[in-house]
$ cat my_file.cif   # mmCIF, C-alpha atoms
data_start
loop_
_atom_site.label_atom_id
_atom_site.label_comp_id
_atom_site.auth_asym_id
_atom_site.auth_seq_id
_atom_site.Cartn_x
_atom_site.Cartn_y
_atom_site.Cartn_z
CA MET A 1 -42.74 -51.92 -15.15
CA LYS A 2 -42.51 -51.43 -11.38
CA ASN A 3 -42.75 -55.19 -10.83
CA LEU A 4 -40.02 -55.76 -13.40
CA ILE A 5 -37.70 -53.32 -11.62
CA ASN A 6 -38.45 -54.91 -8.24
CA LEU A 7 -37.66 -58.34 -9.69
CA ILE A 8 -34.25 -57.12 -10.83
CA ILE A 9 -33.34 -55.02 -7.79
CA ASN A 10 -34.75 -57.14 -4.94
CA PRO A 11 -35.86 -60.63 -6.06
CA PHE A 12 -36.28 -61.81 -2.45
CA GLN A 13 -38.91 -59.16 -1.72
CA PHE A 14 -40.44 -59.61 -5.17
CA TYR A 15 -41.10 -63.30 -4.58
CA ARG A 16 -42.21 -62.70 -0.97
CA ASP A 17 -44.84 -60.31 -2.31
CA PHE A 18 -45.79 -62.90 -4.92
CA LYS A 19 -46.16 -65.52 -2.19
CA GLU A 20 -48.92 -63.41 -0.58
CA LYS A 21 -50.96 -63.29 -3.79
CA GLU A 22 -53.77 -65.79 -4.12
CA GLU A 23 -54.59 -64.93 -7.73
CA VAL A 24 -51.70 -65.36 -10.19
CA GLN A 25 -51.54 -63.16 -13.28
CA LEU A 26 -49.19 -64.27 -16.07
CA LEU A 27 -48.95 -60.86 -17.74
CA LEU A 28 -45.39 -60.12 -16.56
CA PRO A 29 -43.79 -63.37 -17.79
CA ILE A 30 -45.68 -63.03 -21.08
CA ILE A 31 -44.32 -59.50 -21.49
CA ILE A 32 -40.81 -60.81 -20.80
CA ILE A 33 -41.18 -63.48 -23.49
CA VAL A 34 -42.52 -60.96 -26.03
CA ILE A 35 -39.63 -58.58 -25.33
CA MET A 36 -37.16 -61.43 -25.81
CA GLY A 37 -38.83 -62.32 -29.10
CA VAL A 38 -38.58 -58.75 -30.38
CA LEU A 39 -34.95 -58.50 -29.30
CA THR A 40 -34.27 -61.81 -31.06
CA MET A 41 -35.39 -60.14 -34.30
CA PHE A 42 -32.90 -57.30 -33.81
CA VAL A 43 -30.10 -59.69 -32.88
CA GLY A 44 -30.89 -61.90 -35.88
CA TYR A 45 -30.85 -58.94 -38.24
CA ARG A 46 -27.60 -57.50 -36.89
CA THR A 47 -25.95 -60.93 -36.94
CA SER A 48 -27.14 -61.67 -40.48
CA MET A 49 -25.66 -58.40 -41.72
CA THR A 50 -22.23 -59.47 -40.45
CA MET A 51 -22.54 -63.04 -41.74
CA THR A 52 -20.75 -64.18 -44.88
CA THR A 53 -21.33 -67.26 -46.99
CA PRO A 54 -18.76 -69.06 -49.15
CA ALA A 55 -19.03 -68.38 -52.89
CA VAL A 56 -17.12 -69.32 -56.02
CA GLU A 57 -13.32 -69.43 -55.88
CA GLY A 58 -13.16 -68.78 -52.14
CA ALA A 59 -14.85 -65.36 -52.31
CA ASN A 60 -17.43 -64.30 -49.73
CA ILE A 61 -20.89 -62.92 -50.42
CA ALA A 62 -22.60 -60.84 -47.73
CA ILE A 63 -26.27 -61.42 -47.05
CA ASP A 64 -28.43 -58.54 -48.36
CA SER A 65 -30.52 -56.45 -45.96
CA LYS A 66 -33.89 -57.70 -47.28
CA THR A 67 -32.93 -61.36 -46.79
CA ALA A 68 -31.54 -60.52 -43.35
CA LEU A 69 -34.77 -58.75 -42.37
CA ILE A 70 -36.99 -61.63 -43.50
CA GLY A 71 -34.78 -64.12 -41.70
CA ALA A 72 -34.78 -61.98 -38.55
CA VAL A 73 -38.58 -61.75 -38.47
CA ILE A 74 -39.00 -65.49 -39.02
CA GLY A 75 -36.32 -66.19 -36.41
CA GLY A 76 -37.95 -63.82 -33.92
CA VAL A 77 -41.40 -65.35 -34.30
CA THR A 78 -40.17 -68.95 -34.15
CA GLY A 79 -37.86 -68.00 -31.29
CA MET A 80 -40.75 -66.53 -29.33
CA ILE A 81 -42.82 -69.67 -29.90
CA GLY A 82 -39.87 -71.83 -28.91
CA ILE A 83 -39.29 -69.85 -25.71
CA ALA A 84 -42.97 -70.17 -24.80
CA ILE A 85 -42.96 -73.94 -25.37
CA ILE A 86 -39.78 -74.41 -23.32
CA TRP A 87 -41.26 -72.18 -20.61
CA VAL A 88 -44.32 -74.41 -20.26
CA ILE A 89 -42.36 -77.68 -20.41
CA LYS A 90 -39.76 -76.57 -17.85
CA SER A 91 -42.48 -75.27 -15.55
CA ALA A 92 -44.35 -78.57 -15.72
CA ILE A 93 -41.19 -80.51 -14.87
CA TYR A 94 -40.29 -78.15 -12.03
CA ASN A 95 -43.83 -78.37 -10.66
CA VAL A 96 -43.83 -82.18 -10.60
CA ILE A 97 -40.42 -82.37 -8.89
CA LEU A 98 -41.27 -79.67 -6.34
CA LYS A 99 -44.54 -81.43 -5.51
CA LYS A 100 -42.64 -84.68 -4.94
CA MET A 101 -40.29 -82.77 -2.63
CA GLY A 102 -43.18 -81.47 -0.53
CA GLY A 103 -43.64 -78.10 -2.20
CA HIS A 104 -46.83 -76.09 -1.72
CA GLY A 105 -47.00 -74.36 -5.09
CA ASN A 106 -49.03 -75.24 -8.16
CA PHE A 107 -48.41 -75.28 -11.91
CA LYS A 108 -49.57 -71.71 -12.54
CA ARG A 109 -47.39 -70.34 -9.74
CA THR A 110 -44.44 -72.36 -11.01
CA LEU A 111 -45.15 -71.04 -14.51
CA TYR A 112 -45.00 -67.48 -13.16
CA ILE A 113 -41.68 -67.99 -11.36
CA THR A 114 -40.06 -69.74 -14.34
CA GLY A 115 -41.24 -67.00 -16.70
CA THR A 116 -40.12 -64.09 -14.52
CA ALA A 117 -36.69 -65.67 -13.93
CA ALA A 118 -36.18 -65.53 -17.70
CA VAL A 119 -35.87 -61.74 -17.40
CA THR A 120 -32.08 -62.18 -17.36
CA GLY A 121 -32.27 -63.20 -21.03
CA ILE A 122 -33.43 -59.68 -21.89
CA PHE A 123 -30.11 -58.23 -20.75
CA LEU A 124 -28.18 -60.86 -22.71
CA MET A 125 -30.22 -60.02 -25.81
CA ILE A 126 -29.62 -56.29 -25.37
CA LEU A 127 -25.86 -56.90 -25.27
CA SER A 128 -26.16 -59.03 -28.41
CA VAL A 129 -28.02 -56.22 -30.20
CA PHE A 130 -25.17 -53.77 -29.58
CA PHE A 131 -22.41 -56.35 -29.96
CA PRO A 132 -23.68 -58.89 -32.52
CA PRO A 133 -21.42 -61.90 -33.11
CA LYS A 134 -19.68 -61.94 -36.47
CA ILE A 135 -20.32 -65.33 -38.02
CA ASP A 136 -18.68 -67.06 -40.94
CA ILE A 137 -20.86 -70.00 -41.93
CA THR A 138 -17.75 -72.00 -42.85
CA ALA A 139 -16.61 -71.69 -39.21
CA VAL A 140 -19.84 -72.89 -37.63
CA GLN A 141 -18.46 -76.39 -37.12
CA GLN A 142 -15.46 -75.07 -35.21
CA SER A 143 -17.79 -73.13 -32.89
CA LEU A 144 -19.62 -76.32 -31.85
CA THR A 145 -17.33 -77.35 -28.99
CA PHE A 146 -17.83 -78.64 -25.46
CA ILE A 147 -16.19 -75.51 -24.09
CA SER A 148 -18.62 -73.23 -25.95
CA ILE A 149 -21.55 -75.25 -24.61
CA ILE A 150 -20.29 -75.01 -21.03
CA LYS A 151 -19.76 -71.25 -21.45
CA ASP A 152 -23.30 -70.86 -22.80
CA HIS A 153 -24.76 -72.80 -19.85
CA PHE A 154 -22.75 -71.09 -17.14
CA ASN A 155 -22.44 -67.46 -18.20
CA LEU A 156 -23.40 -64.61 -15.86
CA PHE A 157 -26.95 -64.29 -17.17
CA VAL A 158 -27.70 -68.02 -16.93
CA ILE A 159 -26.36 -68.17 -13.37
CA TRP A 160 -28.52 -65.15 -12.54
CA GLU A 161 -31.59 -66.92 -13.94
CA LEU A 162 -30.83 -70.06 -11.92
CA PHE A 163 -30.47 -67.89 -8.81
CA LEU A 164 -33.89 -66.31 -9.41
CA LEU A 165 -35.46 -69.73 -9.89
CA VAL A 166 -34.03 -71.01 -6.62
CA VAL A 167 -35.18 -67.90 -4.72
CA GLY A 168 -38.66 -68.03 -6.24
CA PHE A 169 -39.19 -71.75 -5.70
CA ALA A 170 -37.82 -71.68 -2.14
CA ILE A 171 -40.06 -68.81 -1.05
CA ASP A 172 -43.20 -69.93 -2.82
CA ASN A 173 -42.88 -73.59 -1.78
CA GLU A 174 -41.73 -72.77 1.76
CA MET A 175 -38.59 -74.88 1.57
CA PRO A 176 -34.84 -74.26 2.18
CA TYR A 177 -32.87 -72.66 -0.66
CA LYS A 178 -30.57 -75.70 -0.91
CA LYS A 179 -33.56 -77.98 -1.36
CA ALA A 180 -35.14 -75.69 -3.97
CA ALA A 181 -31.83 -75.68 -5.87
CA ILE A 182 -32.00 -79.44 -6.50
CA PRO A 183 -34.57 -79.45 -9.37
CA VAL A 184 -33.06 -76.27 -10.83
CA VAL A 185 -29.51 -77.63 -10.98
CA VAL A 186 -30.56 -81.13 -12.09
CA LEU A 187 -32.72 -79.87 -14.97
CA HIS A 188 -29.98 -77.45 -16.03
CA LEU A 189 -27.37 -80.22 -16.14
CA ILE A 190 -29.74 -82.42 -18.13
CA SER A 191 -30.26 -79.55 -20.57
CA MET A 192 -26.48 -79.20 -20.94
CA ALA A 193 -26.11 -82.95 -21.51
CA ILE A 194 -28.74 -82.79 -24.28
CA SER A 195 -26.86 -79.88 -25.89
CA ILE A 196 -23.62 -81.88 -25.80
CA ALA A 197 -25.34 -84.90 -27.37
CA MET A 198 -26.83 -82.72 -30.12
CA THR A 199 -23.41 -81.14 -30.73
CA MET A 200 -21.80 -84.53 -31.13
CA GLY A 201 -24.50 -85.43 -33.65
CA LEU A 202 -23.91 -82.22 -35.61
CA GLN A 203 -20.15 -82.80 -35.54
CA ARG A 204 -20.65 -86.26 -37.06
CA PHE A 205 -23.02 -84.77 -39.66
CA TYR A 206 -20.46 -82.13 -40.68
CA SER A 207 -17.72 -84.77 -40.81
CA GLN A 208 -19.83 -86.92 -43.12
CA LEU A 209 -20.51 -83.91 -45.37
CA GLN A 210 -16.83 -83.09 -45.53
CA GLY A 211 -16.01 -86.71 -46.25
CA GLY A 212 -18.52 -86.75 -49.10
CA ALA A 213 -17.24 -83.45 -50.50
CA GLY A 214 -13.68 -84.69 -50.39
CA ALA A 215 -14.40 -87.96 -52.20
CA PRO A 216 -12.94 -88.14 -55.73
CA SER A 217 -15.47 -87.88 -58.55
CA VAL A 218 -15.65 -90.67 -61.13
CA GLU A 219 -15.68 -89.57 -64.75
CA PRO A 220 -17.76 -91.69 -67.12
#

$ encode --input "my_file.cif" --output "C-alpha cells"
Amino acid sequence: MKNLINLIINPFQFYRDFKEKEEVQLLLPIIIIVIMGVLTMFVGYRTSMTMTTPAVEGANIAIDSKTALIGAVIGGVTGMIGIAIIWVIKSAIYNVILKKMGGHGNFKRTLYITGTAAVTGIFLMILSVFFPPKIDITAVQQSLTFISIIKDHFNLFVIWELFLLVVGFAIDNEMPYKKAAIPVVVLHLISMAISIAMTMGLQRFYSQLQGGAGAPSVEP
C-alpha cells in the first residue's frame, strides 16, 4: 500500500527507488490488475442495471439483477484476463523498442513499469462505479464515433498513465524523457488507429443489419 501511495504522489521518486532494485517483484502490478478486475465487476453490474433493451411495440425491458450480476462477474473475469494479456503484449513491444533505442532495462522491469502505470485505471473505474453510464442498446451505434474514441484515448486518466510510462521508462533506461516518450506515444497512436478501424467495421456491420431489417418481406 505504501508503494502504491508513493507511485501516485511522487512517481519520479518511486521509479528512482525502483531503478536501484536488482530483484524485480511483480506483486504490485498484479494487485493493480486484480483491483481493476474487481472494479470492472461493479461497473458492469451498475451499468447493466441502468441498461434497457428494445422490446415489443417500442417498449423497454430492464435487465434483471440476477442477469446483471452474472454478466458482471463474467465481464470482470474476462476483463481481468484481457488486461493481463494486453499488459504482457504492450510490455514486450515497449521492451523491444527501448532496447533498439539503447535502453538498459529488461522485459521484467518493463513489465513492472507498464503494470504500475496502469494504476490510473483504478481511479477511472472508481468514478464509473459511482457514476455508471446509462446505456440504451439501441443507441450503441450512435456512441461509436471518432470523437468518442479520441476522448477515450486522451482523457485525464489516460494522459496520466502515459506520463507515468514516460517517467518510468526514462529513469529505468537512463534516457531523456523526450526519447522515452517516443515508444509510448507511437504505441498509443497505433492503438487509437486500431480502435478507429474497428469502429468503422462495426459501423458497417450495423448499417448492414439495418439495411436487412428495413428490406421488404416477400409473402408467398

$ atom_distance --input "my_file.cif" --atom1 "CA of Met192 in chain A" --atom2 "CA of Ile81 in chain A"
20.9 Å

$ residues_around --input "my_file.cif" --residues "range 159-173 of chain A" --least-positions-apart "4" --cutoff "7 Å" --atoms "all atoms listed in the file" --output "list in words"
Pro11, Phe12, Tyr15, Arg16, Lys19, Gly103, His104, Gly105, Ile113, Thr114, Ala117, Ala118, Thr120, Phe154, Asn155, Tyr177, Ala180, Ala181 and Val184 of chain A

$ atom_distance --input "my_file.cif" --atom1 "CA of Thr110 in chain A" --atom2 "CA of Leu39 in chain A"
24.8 Å

$ atom_distance --input "my_file.cif" --atom1 "CA of Ile122 in chain A" --atom2 "CA of Ile89 in chain A"
20.1 Å

$ residues_near_point --input "my_file.cif" --point "(-46.1, -59.2, -22.2)" --cutoff "12 Å" --atoms "only C-alpha atoms" --output "list in words"
Met1, Leu4, Gln25, Leu26, Leu27, Leu28, Pro29, Ile30, Ile31, Ile32, Ile33, Val34, Ile35, Met36, Gly37, Val38, Met80, Ala84, Gly115, Thr116 and Val119 of chain A

$ closest_residue --input "my_file.cif" --among "A:Met41, A:Leu111, A:Leu98, A:Met175" --to "Gly76 in chain A" --atoms "only C-alpha atoms"
A:Met41

$ closest_residue --input "my_file.cif" --among "A:His153, A:Lys100, A:Arg204, A:Lys2" --to "Val185 in chain A" --atoms "all atoms listed in the file"
A:His153

$ residues_near_point --input "my_file.cif" --point "(-46.6, -79.3, -11.3)" --cutoff "6 Å" --atoms "all atoms listed in the file" --output "mmCIF file with C-alpha atoms, in the coordinates of the input"
data_model
loop_
_atom_site.group_PDB
_atom_site.id
_atom_site.type_symbol
_atom_site.label_atom_id
_atom_site.label_comp_id
_atom_site.auth_asym_id
_atom_site.auth_seq_id
_atom_site.Cartn_x
_atom_site.Cartn_y
_atom_site.Cartn_z
ATOM 1 C CA ALA A 92 -44.350 -78.570 -15.720
ATOM 2 C CA ASN A 95 -43.830 -78.370 -10.660
ATOM 3 C CA VAL A 96 -43.830 -82.180 -10.600
ATOM 4 C CA ASN A 106 -49.030 -75.240 -8.160
ATOM 5 C CA PHE A 107 -48.410 -75.280 -11.910
#

$ closest_residue --input "my_file.cif" --among "A:Met200, A:Phe157, A:Tyr112, A:Phe131" --to "Phe42 in chain A" --atoms "all atoms listed in the file"
A:Phe131

$ residues_around --input "my_file.cif" --residues "Phe14 in chain A" --least-positions-apart "6" --cutoff "8 Å" --atoms "all atoms listed in the file" --output "list of chain:residue names"
A:Asn3, A:Asn6, A:Leu7
